[in-house]
4 protein chains.
Amino acid sequence: MTDFKSLLEGYKVIFFDAYGVIKNYKGLIPGIEKTFDWLNEQQKSYYIITNDASRSPDLLAASYNKNGLLHITPDKIISSGMLAKEFLDLKVKKGLVAYLGTEDSAHYIEHPGLDTLPLQQMNEDNINDITALVLLDDEGFDWMDGLNKAVNLLRRRTIPAIIANPDGAYPMSKRDVGIAIGGLAYMIEKITGRKFIRFGKPDSQIFMFAWEYILPFHPGITKRDILMVGDTLHTDILGGNKFGLDTALVLTGNLLPEDHETRIMATGISPTFICETAVL
Amino acid sequence: MTDFKSLLEGYKVIFFDAYGVIKNYKGLIPGIEKTFDWLNEQQKSYYIITNDASRSPDLLAASYNKNGLLHITPDKIISSGMLAKEFLDLKVKKGLVAYLGTEDSAHYIEHPGLDTLPLQQMNEDNINDITALVLLDDEGFDWMDGLNKAVNLLRRRTIPAIIANPDGAYPMSKRDVGIAIGGLAYMIEKITGRKFIRFGKPDSQIFMFAWEYILPFHPGITKRDILMVGDTLHTDILGGNKFGLDTALVLTGNLLPEDHETRIMATGISPTFICETAVL
Amino acid sequence: MTDFKSLLEGYKVIFFDAYGVIKNYKGLIPGIEKTFDWLNEQQKSYYIITNDASRSPDLLAASYNKNGLLHITPDKIISSGMLAKEFLDLKVKKGLVAYLGTEDSAHYIEHPGLDTLPLQQMNEDNINDITALVLLDDEGFDWMDGLNKAVNLLRRRTIPAIIANPDGAYPMSKRDVGIAIGGLAYMIEKITGRKFIRFGKPDSQIFMFAWEYILPFHPGITKRDILMVGDTLHTDILGGNKFGLDTALVLTGNLLPEDHETRIMATGISPTFICETAVL
Amino acid sequence: MTDFKSLLEGYKVIFFDAYGVIKNYKGLIPGIEKTFDWLNEQQKSYYIITNDASRSPDLLAASYNKNGLLHITPDKIISSGMLAKEFLDLKVKKGLVAYLGTEDSAHYIEHPGLDTLPLQQMNEDNINDITALVLLDDEGFDWMDGLNKAVNLLRRRTIPAIIANPDGAYPMSKRDVGIAIGGLAYMIEKITGRKFIRFGKPDSQIFMFAWEYILPFHPGITKRDILMVGDTLHTDILGGNKFGLDTALVLTGNLLPEDHETRIMATGISPTFICETAVL
C-alpha cells in the first residue's frame with residue numbers, strides 16, 4: 001500500500017479514471033476535491049480519461065461542477081467518444097451515421113458533412129445511405145428494436161461499426177450492475193461474426209490520443225512523468241501499463257480491498273502501486 | 001445431391017428439424033404434407049426435433065394443424081423445453097423458478113412442487129427464494145429490464161441457469177434475422193462469467209431424449225435406422241452426426257444452395273447426404 | 001460437508017472420476033481400496049467414468065491392479081475413447097484414420113475396415129486417403145510437427161475431427177500442470193476455424209453411454225439411483241448435473257478445500273453434496 | 001481496383017507490410033524493387049511495419065539486401081519486437097526476462113539492467129527471479145517443453161507476459177501454413193486464464209510507434225498523408241483503418257483475388273483501396 005499524496009510528488013501529469021476514483025453510484029467520492037486543490041497548488045496537471053461516451057465533455061464537466069467539483073473543466077476530459085469522432089472525421093467523412101444512444105451521446109458523431117440517424121429510425125428507404133454504425137450508450141432506445149436493427153444493418157451493409165465504450169457493465173448500486181453498451185456489442189459481434197472497432201481503455205489509442213493532446217502544454221514530457229490512476233485492472237491498469245505509464249490502483253471502486261490481491265494474481269495484471277483511495 | 005424419396009427408403013424413423021425444413025417465415029413449405037402422407041403410407045415414423053421452447057408440444061402441433069398439416073400431433077414433437085422440464089424435475093424439485101419468455105413458454109417449468117416467476121417480477125423480497133433461472137423465449141419481457149435482472153440474479157445467487165434454446169438468431173424474413181434467446185444468453189454469460197446449461201441441438205442430450213422416447217415404440221431399432229433431416233449445419237447436422245445418426249442437409253432454409261459447399265468446407269461439418277428439399 | 005459413507009447408502013450405482021478421486025500424481029489415494037471393499041460388500045455397483053483416452057480399458061485397469069487396487073476391472077471402466085470408437089464405427093466406417101497420441105491410445109481407433117496412421121507419417125501420398133482425424137493423447141509425437149500437420153490436414157480435407165479428451169490440462173505435481181490434448185485442440189480450432197467433435201465429460205454423451213452400458217445389469221434403475229463423484233466442477237459436476245444425476249464433489253484433487261466455495265460461487269456450478277474425500 | 005502507381009501519387013509516406021506485399025514464401029515478389037526505385041525518385045518515404053519479431057531490424061534488412069533489394073535499410077523497419085523492447089524499458093527495468101524464441105529474437109529483450117533466460121533453462125532455482133515472460137518466435141525451442149514451462153511460470157508468478165507477434169499462423173507454401181507464436185500464445189491464455197500484452201498489427205500501438213518514429217523527419221505531416229499497404233484484412237487493413245490511415249489491400253498474399261470480396265463482406269473490414277499488386 002502506497003500513500004497517494006507522496007506518490008503524486010513524483011509525477012508531473014496525473015490521468016484519472018472517473019468512475020470508482022472520483023465518483024461512484026452515490027455521486028462524488030467525499031473529499032476528492034482536496035486532491036484537485038492540492039494538484040492545482042502544486043501546479044501539477046490532471047486529466048480525466050474516461051470510457052463514458054454518453055455525453056459531451058461540456059456536459060460531463062457540468063455534471064461534476066453541479067456536484068461541487070469545479071476543478072474539472074471540459075478541456076480536462078478525454079472521452080472515448082472523442083476517438084470515435086476523430087475516426088469518422090478521418091475515415092467516414094460523409095453520408096449518414098446511424099447510432100445507438102441518447103441524443104446527448106450523438107454529440108460525438110455530429111460532423112460537417114455527416115448526417116446522423118438514431119438507429120430506431122432506420123428503414124428500407126434509408127438503410128442504403130448509412131455509411132457507419134456507432135454504439136454510444138445503452139440508453140435512449142428500446143433494446144429489442146435497436147439491437148435487432150443493429151444486427152440486420154451489419155448483415156446487409158459492409159460499413160465500419162464502432163463502439164465508443166467497450167465496458168461490458170457498470171456499477172448501479174453497492175450490489176448491482178447495469179449492462180453497458182459494450183456488453184450489448186458483444187452479442188451483436190457474436191451473432192453477426194463482425195468485429196466492432198473499439199475505442200476506449202484498455203486500448204492504447206485513447207492513451208495515445210491523451211498523450212498527443214497534452215504534449216503541446218508539457219514540452220519535453222516523457223511517459224515516465226505520467227501516472228494513471230484507476231479502479232479497474234483490465235481497463236485502467238492494463239491499458240496504462242501497456243502504454244508504458246506507471247499505474248496506481250485505488251480500492252474505492254470496482255475492486256474490493258479484500259479481493260484485490262486475488263484478482264491481481266488471477267489476471268496477472270499488476271499495478272505499479274496500490275493506494276487505498278485517491279482522496280488526500 | 002441425393003433424391004429425398006429414395007433416401008427415405010433406407011430408414012425406419014425420420015427426425016425432422018422444423019424451421020427451414022417443414023416451415024419457414026412465410027408458413028408451411030408448399031407441398032410438405034405429401035412427404036408426411038407418404039411416410040404414413042409406408043408406415044415409417046417421424047418426429048420433430050426442435051429447439052423451439054416458446055410453446056408446449058400441444059400448441060406447437062396446433063399451429064401446424066391450423067395451417068393444414070394434420071400429420072403433426074403433440075406426441076410427434078420433441079422440444080428442447082422438454083429437457084429443461086426433465087432437468088428441473090430431477091435436479092431442482094422445489095422453490096421458485098424464474099424465467100424469461102412468454103406465458104406460453106412457462107409450460108416447460110410448471111411442475112408440482114415448483115412455483116414460477118416471470119423474471120420481470122423479481123424484487124428484493126423474492127430474489128432469495130429463487131432456485132433456478134430458465135431462459136425460454138426472447139418475447140414476453142422488456143429486454144433492458146429482463147436482461148439486467150438476469151445478470152444481477154446470477155451475480156447474487158448460486159443457482160442453476162438453464163437455456164432451453166441455444167440458437168443465437170432465427171430468420172424473420174428472406175433477408176433479416178431476429179436475435180433469439182440463445183443470443184441474449186451469450187451476453188449474460190460474457191458479463192457474469194457464468195455458463196448456462198444448454199439444452200437443444202447440437203447438444204447430444206436432446207437426441208438421447210428422443211432416442212429413449214421412441215425406443216418403446218420401435219423395439220430392436222438401432223441408430224443406423226434413423227435419419228436426421230435439417231437445414232442448419234452447426235445444429236441439426238453437427239448434432240446428428242455426433243450422436244451417430246445419418247444426416248441429410250436440405251437447402252430450403254438457412255443455407256442457400258449456392259453457399260452450401262463453401263460452408264461445409266469452412267466448418268468441416270459434413271452431412272451424410274445433401275437434398276434439395278424435404279418435399280417429395 | 002456430507003459424510004461420504006452415509007451418502008453412498010442412498011444410491012445403487014456410483015460413478016467415479018479417476019483423477020483426484022481414486023488416484024493423483026503420486027499414485028493411488030491412500031485407503032481408497034476400503035471404499036471399494038465396502039461397495040462390494042454392500043453389493044453396490046461402481047464404474048469409472050474417465051476422459052483418459054491414452055490407453056485401453058484393459059491397460060487402465062492393469063495400472064490400478066499393479067498398484068494394488070484389484071477391484072477395478074476393465075468392464076468397470078468407461079473412457080471417452082470408447083465414444084470415439086463408437087463414432088468411427090457409426091459414421092466413418094472405412095478409410096485411413098489419422099491420430100495424435102501414443103500407440104497405446106490407438107486402441108480406440110482400431111476397427112475392422114479402418115486403417116490407422118500416426119499423424120507424423122502423413123505425407124502428400126496419403127493425405128487424400130485420410131477420412132478422419134482423432135486426437136487421443138498429448139504424448140507419442142513431436143508437438144511442432146504433429147500440430148502443424150493437424151492444422152494443414154484440416155485446412156485441406158473436409159473430414160470429421162474428433163477429440164477424445166476435452167481436458168485442457170492435468171496435474172503433474174502438487175504445483176504444476178501439463179498441457180493435455182484438449183488444450184492443444186483448442187489452438188488447432190482457433191487457427192483453422194474448425195470445431196472438433198468433443199467426447200468426454202462434461203458432455204452428456206459419455207453419461208448416456210455409461211447409462212446404456214449399465215442398463216442391462218440394473219433393470220428398473222433410474223437416474224435418481226446414481227451418484228457421480230468427482231473433483232472437478234466444470235467436468236464431473238457440471239456434466240453429472242446436466243445429465244440429471246446427483247453429484248458429490250470431493251476435495252482430494254483439483255480443488256483445494258479452501259477454494260471450493262469461491263469457485264462454486266464464481267462458476268455457478270453446484271454439486272448436490274460436498275465431501276472431504278471418497279476414502280471411507 | 002485502383003492502379004497502385006497513381007494511388008501512391010497522393011501520399012507522402014507509405015507503410016508497407018512485409019509478407020504478402022514485398023516477399024512471400026518463395027522470396028521477394030518479382031519486380032518489387034521497381035516500386036522502391038520509383039519511391040526514391042519521387043522522394044517519397046517508405047517504412048516496413050511488421051509483426052516479425054524473430055530477428056533485429058539489422059538482420060531483417062540484411063535478408064532483403066541479400067536477395068537483391070537494397071532499398072530496405074534497418075532504419076526503414078519498424079517491428080513489433082521494438083514495442084516489446086520499449087515496454088521492458090519503461091515497465092520492467094530489471095531482473096531476469098524469460099523468452100521463447102531463437103537467439104536472434106532475443107535481440108529485442110537485451111537491455112542494460114536486464115538478464116535474459118531462454119525459457120527452456122527455467123528451473124526451481126531461477127523461477128523466482130523471473131520478472132517478465134516474452135514470446136518472440138515459434139522456433140528455437142522444443143514446443144512440449146517450452147509451452148509447459150510457459151504455462152507453469154504464469155501459474156506461479158504474477159509477472160507481465162508479452163507476445164511480440166500476435167499472428168496465429170503464417171504461410172509456409174502455396175497451400176500450407178505454420179503455427180506462429182501468436183497461435184501458441186492463445187493456448188497458453190486459454191489454459192492459464194491470463195492475457196498476454198499483445199504488440200503488433202492490428203493493435204494501434206505499433207502504428208503510433210511508427211507515427212512518432214517518423215514525425216521528426218516529416219514535420220507538418222498528418223495522418224492523411226500516409227498510406228498503409230497490406231495483404232491481410234484483420235491486421236494491416238483493420239489496424240491502419242482504426243488508426244485513421246488510408247489503406248490499400250493488395251492481392252499478392254494471404255487473400256486470393258477470387259476471395260477478397262467475400263472476405264470483406266464477411267468481416268466488414270474494408271480497405272480504402274484495392275490494388276492487384278504493389279509492384280509498379
# chains A, B, ... in the order shown; residues from 1 in each chain; ligands from 1
call {"tool": "interface_residues", "arguments": {"of": "chain B", "to": "chain C", "cutoff": "6 Å", "atoms": "only C-alpha atoms", "output": "VMD selection string"}}
result
chain B and resid 87 90 158 194 204 to 205 244 265 267 to 268
call {"tool": "calpha_fit_and_write", "arguments": {"fixed": "chain A", "moving": "chain C", "output": "short mmCIF file (atom, residue, chain, number, x, y, z; two decimals) with C-alpha atoms, in the first residue's frame"}}
result
data_model
loop_
_atom_site.label_atom_id
_atom_site.label_comp_id
_atom_site.auth_asym_id
_atom_site.auth_seq_id
_atom_site.Cartn_x
_atom_site.Cartn_y
_atom_site.Cartn_z
CA MET C 1 0.04 0.03 0.01
CA THR C 2 1.41 3.36 -1.04
CA ASP C 3 0.35 6.74 0.29
CA PHE C 4 -1.34 8.54 -2.58
CA LYS C 5 -0.03 12.02 -1.75
CA SER C 6 3.62 11.03 -1.59
CA LEU C 7 3.13 9.07 -4.79
CA LEU C 8 1.83 12.14 -6.63
CA GLU C 9 5.02 14.02 -5.78
CA GLY C 10 6.90 12.04 -8.39
CA TYR C 11 4.77 12.89 -11.43
CA LYS C 12 4.01 15.99 -13.48
CA VAL C 13 0.73 14.83 -15.01
CA ILE C 14 -1.98 12.63 -13.49
CA PHE C 15 -4.52 10.72 -15.58
CA PHE C 16 -7.63 9.85 -13.57
CA ASP C 17 -10.32 7.32 -14.38
CA ALA C 18 -13.71 8.81 -13.41
CA TYR C 19 -15.90 6.05 -12.08
CA GLY C 20 -14.63 4.42 -8.88
CA VAL C 21 -11.91 7.06 -8.44
CA ILE C 22 -13.62 10.47 -8.44
CA LYS C 23 -17.27 9.45 -8.30
CA ASN C 24 -19.39 6.38 -7.73
CA TYR C 25 -23.08 5.42 -7.93
CA LYS C 26 -23.84 7.75 -5.00
CA GLY C 27 -22.14 10.82 -6.51
CA LEU C 28 -18.71 12.34 -5.84
CA ILE C 29 -16.37 10.40 -3.58
CA PRO C 30 -16.31 12.50 -0.37
CA GLY C 31 -13.20 14.67 -0.05
CA ILE C 32 -12.00 14.19 -3.63
CA GLU C 33 -11.97 17.98 -4.18
CA LYS C 34 -9.01 18.22 -1.79
CA THR C 35 -6.96 16.12 -4.21
CA PHE C 36 -7.59 18.59 -7.00
CA ASP C 37 -6.99 21.59 -4.72
CA TRP C 38 -3.58 20.17 -3.90
CA LEU C 39 -2.77 19.34 -7.53
CA ASN C 40 -3.58 22.92 -8.50
CA GLU C 41 -1.43 24.30 -5.69
CA GLN C 42 1.44 22.11 -6.83
CA GLN C 43 0.90 23.12 -10.45
CA LYS C 44 0.51 19.53 -11.47
CA SER C 45 -1.76 18.79 -14.40
CA TYR C 46 -4.61 16.32 -14.37
CA TYR C 47 -6.93 14.84 -16.96
CA ILE C 48 -9.93 12.52 -16.82
CA ILE C 49 -9.56 9.58 -19.20
CA THR C 50 -12.99 8.03 -19.48
CA ASN C 51 -14.86 5.39 -21.48
CA ASP C 52 -18.06 7.39 -20.97
CA ALA C 53 -19.34 8.43 -24.40
CA SER C 54 -22.86 9.17 -23.21
CA ARG C 55 -22.33 12.94 -23.14
CA SER C 56 -20.00 15.63 -24.48
CA PRO C 57 -17.04 16.86 -22.37
CA ASP C 58 -19.09 20.01 -21.73
CA LEU C 59 -21.95 18.06 -20.21
CA LEU C 60 -19.64 15.69 -18.35
CA ALA C 61 -17.80 18.65 -16.79
CA ALA C 62 -21.09 20.39 -15.98
CA SER C 63 -22.19 17.36 -14.01
CA TYR C 64 -19.02 17.47 -11.85
CA ASN C 65 -19.44 21.22 -11.39
CA LYS C 66 -23.08 20.85 -10.35
CA ASN C 67 -21.97 18.41 -7.64
CA GLY C 68 -19.46 20.94 -6.34
CA LEU C 69 -16.27 19.81 -8.05
CA LEU C 70 -15.31 22.92 -9.99
CA HIS C 71 -11.79 21.82 -10.91
CA ILE C 72 -12.96 19.64 -13.76
CA THR C 73 -13.44 21.74 -16.86
CA PRO C 74 -14.27 20.42 -20.35
CA ASP C 75 -10.67 20.75 -21.51
CA LYS C 76 -9.61 18.31 -18.79
CA ILE C 77 -11.78 15.49 -20.14
CA ILE C 78 -10.71 12.93 -22.71
CA SER C 79 -13.55 10.61 -23.58
CA SER C 80 -13.54 7.54 -25.82
CA GLY C 81 -16.26 9.32 -27.76
CA MET C 82 -13.63 11.80 -28.96
CA LEU C 83 -11.81 8.95 -30.69
CA ALA C 84 -14.97 7.89 -32.46
CA LYS C 85 -15.30 11.50 -33.61
CA GLU C 86 -11.74 11.52 -34.94
CA PHE C 87 -12.28 8.21 -36.72
CA LEU C 88 -15.38 9.48 -38.51
CA ASP C 89 -13.53 12.62 -39.48
CA LEU C 90 -10.60 10.69 -41.00
CA LYS C 91 -12.30 7.61 -42.36
CA VAL C 92 -16.01 8.17 -43.00
CA LYS C 93 -16.23 11.84 -43.98
CA LYS C 94 -19.72 11.76 -45.48
CA GLY C 95 -23.12 10.06 -45.53
CA LEU C 96 -25.50 9.01 -42.81
CA VAL C 97 -24.12 7.76 -39.49
CA ALA C 98 -26.54 5.56 -37.55
CA TYR C 99 -26.14 5.36 -33.78
CA LEU C 100 -27.46 3.72 -30.64
CA GLY C 101 -27.55 6.02 -27.63
CA THR C 102 -29.20 9.12 -26.25
CA GLU C 103 -29.42 12.40 -28.11
CA ASP C 104 -26.68 13.73 -25.82
CA SER C 105 -24.31 10.98 -26.91
CA ALA C 106 -24.86 11.92 -30.57
CA HIS C 107 -22.58 14.88 -29.87
CA TYR C 108 -19.65 12.68 -30.83
CA ILE C 109 -20.89 11.95 -34.31
CA GLU C 110 -22.04 15.41 -35.30
CA HIS C 111 -19.71 16.52 -38.04
CA PRO C 112 -19.79 18.80 -41.00
CA GLY C 113 -20.60 16.52 -43.93
CA LEU C 114 -22.26 13.83 -41.83
CA ASP C 115 -25.93 13.34 -41.14
CA THR C 116 -26.92 11.36 -38.07
CA LEU C 117 -29.72 8.82 -37.64
CA PRO C 118 -30.96 7.28 -34.40
CA LEU C 119 -30.91 3.59 -35.36
CA GLN C 120 -34.53 3.18 -34.32
CA GLN C 121 -35.42 5.33 -37.36
CA MET C 122 -33.66 3.02 -39.82
CA ASN C 123 -35.98 1.73 -42.55
CA GLU C 124 -35.91 0.33 -46.09
CA ASP C 125 -35.66 3.86 -47.50
CA ASN C 126 -32.55 4.97 -45.63
CA ILE C 127 -30.65 1.73 -44.87
CA ASN C 128 -28.60 2.01 -48.07
CA ASP C 129 -27.48 5.55 -47.23
CA ILE C 130 -25.91 4.52 -43.93
CA THR C 131 -22.10 4.75 -44.02
CA ALA C 132 -21.22 3.84 -40.43
CA LEU C 133 -22.76 2.48 -37.23
CA VAL C 134 -21.66 3.91 -33.88
CA LEU C 135 -22.66 2.48 -30.51
CA LEU C 136 -22.50 5.23 -27.89
CA ASP C 137 -24.71 4.45 -24.92
CA ASP C 138 -27.09 1.81 -23.56
CA GLU C 139 -29.89 4.33 -23.07
CA GLY C 140 -32.09 6.22 -25.50
CA PHE C 141 -33.60 3.29 -27.40
CA ASP C 142 -35.70 0.17 -26.95
CA TRP C 143 -33.23 -2.72 -26.73
CA MET C 144 -35.23 -5.30 -28.68
CA ASP C 145 -35.81 -2.89 -31.55
CA GLY C 146 -32.36 -1.29 -31.56
CA LEU C 147 -30.31 -4.47 -31.19
CA ASN C 148 -32.24 -6.28 -33.91
CA LYS C 149 -31.76 -3.32 -36.20
CA ALA C 150 -28.03 -3.25 -35.48
CA VAL C 151 -27.71 -6.96 -36.32
CA ASN C 152 -29.58 -6.63 -39.60
CA LEU C 153 -27.80 -3.44 -40.63
CA LEU C 154 -24.43 -5.18 -40.25
CA ARG C 155 -25.66 -8.26 -42.13
CA ARG C 156 -26.79 -6.16 -45.07
CA ARG C 157 -24.20 -3.37 -45.30
CA THR C 158 -20.38 -3.56 -45.28
CA ILE C 159 -19.72 -0.45 -43.21
CA PRO C 160 -17.47 0.41 -40.26
CA ALA C 161 -19.03 -0.45 -36.90
CA ILE C 162 -17.65 1.45 -33.94
CA ILE C 163 -18.16 1.01 -30.24
CA ALA C 164 -17.21 4.08 -28.27
CA ASN C 165 -17.31 2.44 -24.84
CA PRO C 166 -16.01 -1.11 -24.54
CA ASP C 167 -17.12 -1.62 -20.92
CA GLY C 168 -19.44 -4.60 -20.49
CA ALA C 169 -21.21 -3.43 -17.35
CA TYR C 170 -21.14 -0.57 -14.86
CA PRO C 171 -22.00 -0.39 -11.15
CA MET C 172 -25.59 0.69 -10.39
CA SER C 173 -25.51 0.32 -6.63
CA LYS C 174 -23.40 -1.33 -3.97
CA ARG C 175 -24.52 -4.72 -5.24
CA ASP C 176 -25.95 -4.44 -8.70
CA VAL C 177 -24.58 -3.65 -12.14
CA GLY C 178 -26.16 -2.46 -15.36
CA ILE C 179 -25.35 -3.92 -18.76
CA ALA C 180 -23.39 -1.29 -20.71
CA ILE C 181 -23.24 -0.72 -24.45
CA GLY C 182 -20.02 -2.76 -24.68
CA GLY C 183 -21.90 -5.79 -23.35
CA LEU C 184 -24.61 -5.32 -25.95
CA ALA C 185 -21.94 -4.97 -28.66
CA TYR C 186 -20.47 -8.33 -27.66
CA MET C 187 -23.77 -10.01 -28.51
CA ILE C 188 -24.02 -8.26 -31.87
CA GLU C 189 -20.50 -9.42 -32.70
CA LYS C 190 -21.26 -13.00 -31.73
CA ILE C 191 -24.41 -13.13 -33.86
CA THR C 192 -23.08 -11.34 -36.93
CA GLY C 193 -19.49 -12.60 -36.93
CA ARG C 194 -18.40 -8.96 -37.35
CA LYS C 195 -15.98 -7.14 -35.05
CA PHE C 196 -16.56 -3.63 -33.79
CA ILE C 197 -13.74 -1.12 -33.85
CA ARG C 198 -13.33 -0.50 -30.13
CA PHE C 199 -12.23 2.83 -28.72
CA GLY C 200 -11.56 3.26 -25.02
CA LYS C 201 -9.42 1.81 -22.26
CA PRO C 202 -7.64 -0.63 -22.23
CA ASP C 203 -6.94 0.01 -25.93
CA SER C 204 -3.80 2.09 -26.44
CA GLN C 205 -5.37 4.55 -28.82
CA ILE C 206 -7.12 6.58 -26.09
CA PHE C 207 -3.82 6.90 -24.21
CA MET C 208 -2.11 8.00 -27.39
CA PHE C 209 -4.89 10.50 -28.01
CA ALA C 210 -4.39 11.86 -24.51
CA TRP C 211 -0.64 11.93 -24.98
CA GLU C 212 -0.86 13.96 -28.19
CA TYR C 213 -3.50 16.19 -26.61
CA ILE C 214 -1.30 17.20 -23.66
CA LEU C 215 2.05 17.34 -25.47
CA PRO C 216 1.78 21.00 -26.57
CA PHE C 217 1.11 22.03 -22.94
CA HIS C 218 3.99 20.00 -21.51
CA PRO C 219 6.99 20.27 -23.79
CA GLY C 220 9.69 17.73 -23.03
CA ILE C 221 7.39 15.48 -21.01
CA THR C 222 8.06 11.74 -21.14
CA LYS C 223 5.86 8.76 -20.34
CA ARG C 224 7.74 8.44 -17.04
CA ASP C 225 6.23 11.76 -15.90
CA ILE C 226 2.64 10.49 -16.09
CA LEU C 227 0.70 8.42 -13.55
CA MET C 228 -2.55 6.63 -14.50
CA VAL C 229 -4.93 6.24 -11.54
CA GLY C 230 -7.83 3.80 -11.82
CA ASP C 231 -10.02 1.29 -10.02
CA THR C 232 -10.27 -1.39 -12.71
CA LEU C 233 -7.49 -3.83 -13.54
CA HIS C 234 -8.50 -4.80 -17.05
CA THR C 235 -9.13 -1.26 -18.33
CA ASP C 236 -7.24 1.47 -16.44
CA ILE C 237 -4.30 -0.60 -15.22
CA LEU C 238 -3.86 -2.93 -18.19
CA GLY C 239 -4.16 -0.04 -20.64
CA GLY C 240 -1.86 2.26 -18.70
CA ASN C 241 0.75 -0.47 -18.28
CA LYS C 242 0.71 -1.40 -21.94
CA PHE C 243 1.14 2.22 -22.99
CA GLY C 244 4.19 2.37 -20.73
CA LEU C 245 2.81 4.50 -17.91
CA ASP C 246 3.16 3.93 -14.21
CA THR C 247 -0.21 2.93 -12.79
CA ALA C 248 -1.92 3.22 -9.39
CA LEU C 249 -4.86 1.03 -8.42
CA VAL C 250 -7.29 2.58 -5.92
CA LEU C 251 -9.73 0.48 -3.91
CA THR C 252 -12.74 2.81 -3.91
CA GLY C 253 -14.49 1.30 -6.91
CA ASN C 254 -14.86 -1.98 -8.74
CA LEU C 255 -12.36 -3.93 -6.71
CA LEU C 256 -13.03 -4.63 -3.05
CA PRO C 257 -9.98 -4.20 -0.77
CA GLU C 258 -10.25 -7.85 0.31
CA ASP C 259 -10.25 -9.12 -3.28
CA HIS C 260 -7.55 -7.09 -4.95
CA GLU C 261 -4.64 -9.45 -4.36
CA THR C 262 -6.57 -12.46 -5.61
CA ARG C 263 -7.66 -10.61 -8.74
CA ILE C 264 -4.14 -9.39 -9.48
CA MET C 265 -2.83 -12.93 -9.22
CA ALA C 266 -5.67 -14.41 -11.28
CA THR C 267 -5.37 -11.90 -14.10
CA GLY C 268 -1.64 -11.23 -13.98
CA ILE C 269 -2.40 -7.51 -14.31
CA SER C 270 -0.21 -5.71 -11.76
CA PRO C 271 -0.45 -2.00 -11.01
CA THR C 272 2.83 -0.27 -10.28
CA PHE C 273 1.29 0.96 -6.99
CA ILE C 274 -1.75 0.20 -4.85
CA CYS C 275 -3.42 3.00 -2.86
CA GLU C 276 -6.45 2.88 -0.64
CA THR C 277 -8.02 5.95 -2.22
CA ALA C 278 -7.30 8.95 -4.42
CA VAL C 279 -8.63 11.25 -1.67
CA LEU C 280 -5.79 13.10 0.04
#
call {"tool": "select_by_dssp", "arguments": {"residues": "range 79-265 of chain B", "states": "strand (DSSP E or B)", "output": "ChimeraX atom specification"}}
result
/B:79,95-100,114-118,130-135,161-163,169-171,177-179,197-198,226-230,246-250
call {"tool": "select_by_dssp", "arguments": {"residues": "range 31-156 of chain D", "states": "helix (DSSP H, G or I)", "output": "PyMOL selection string"}}
result
chain D and resi 32-41+57-66+74-76+80-92+105-109+119-121+127-129+143-156
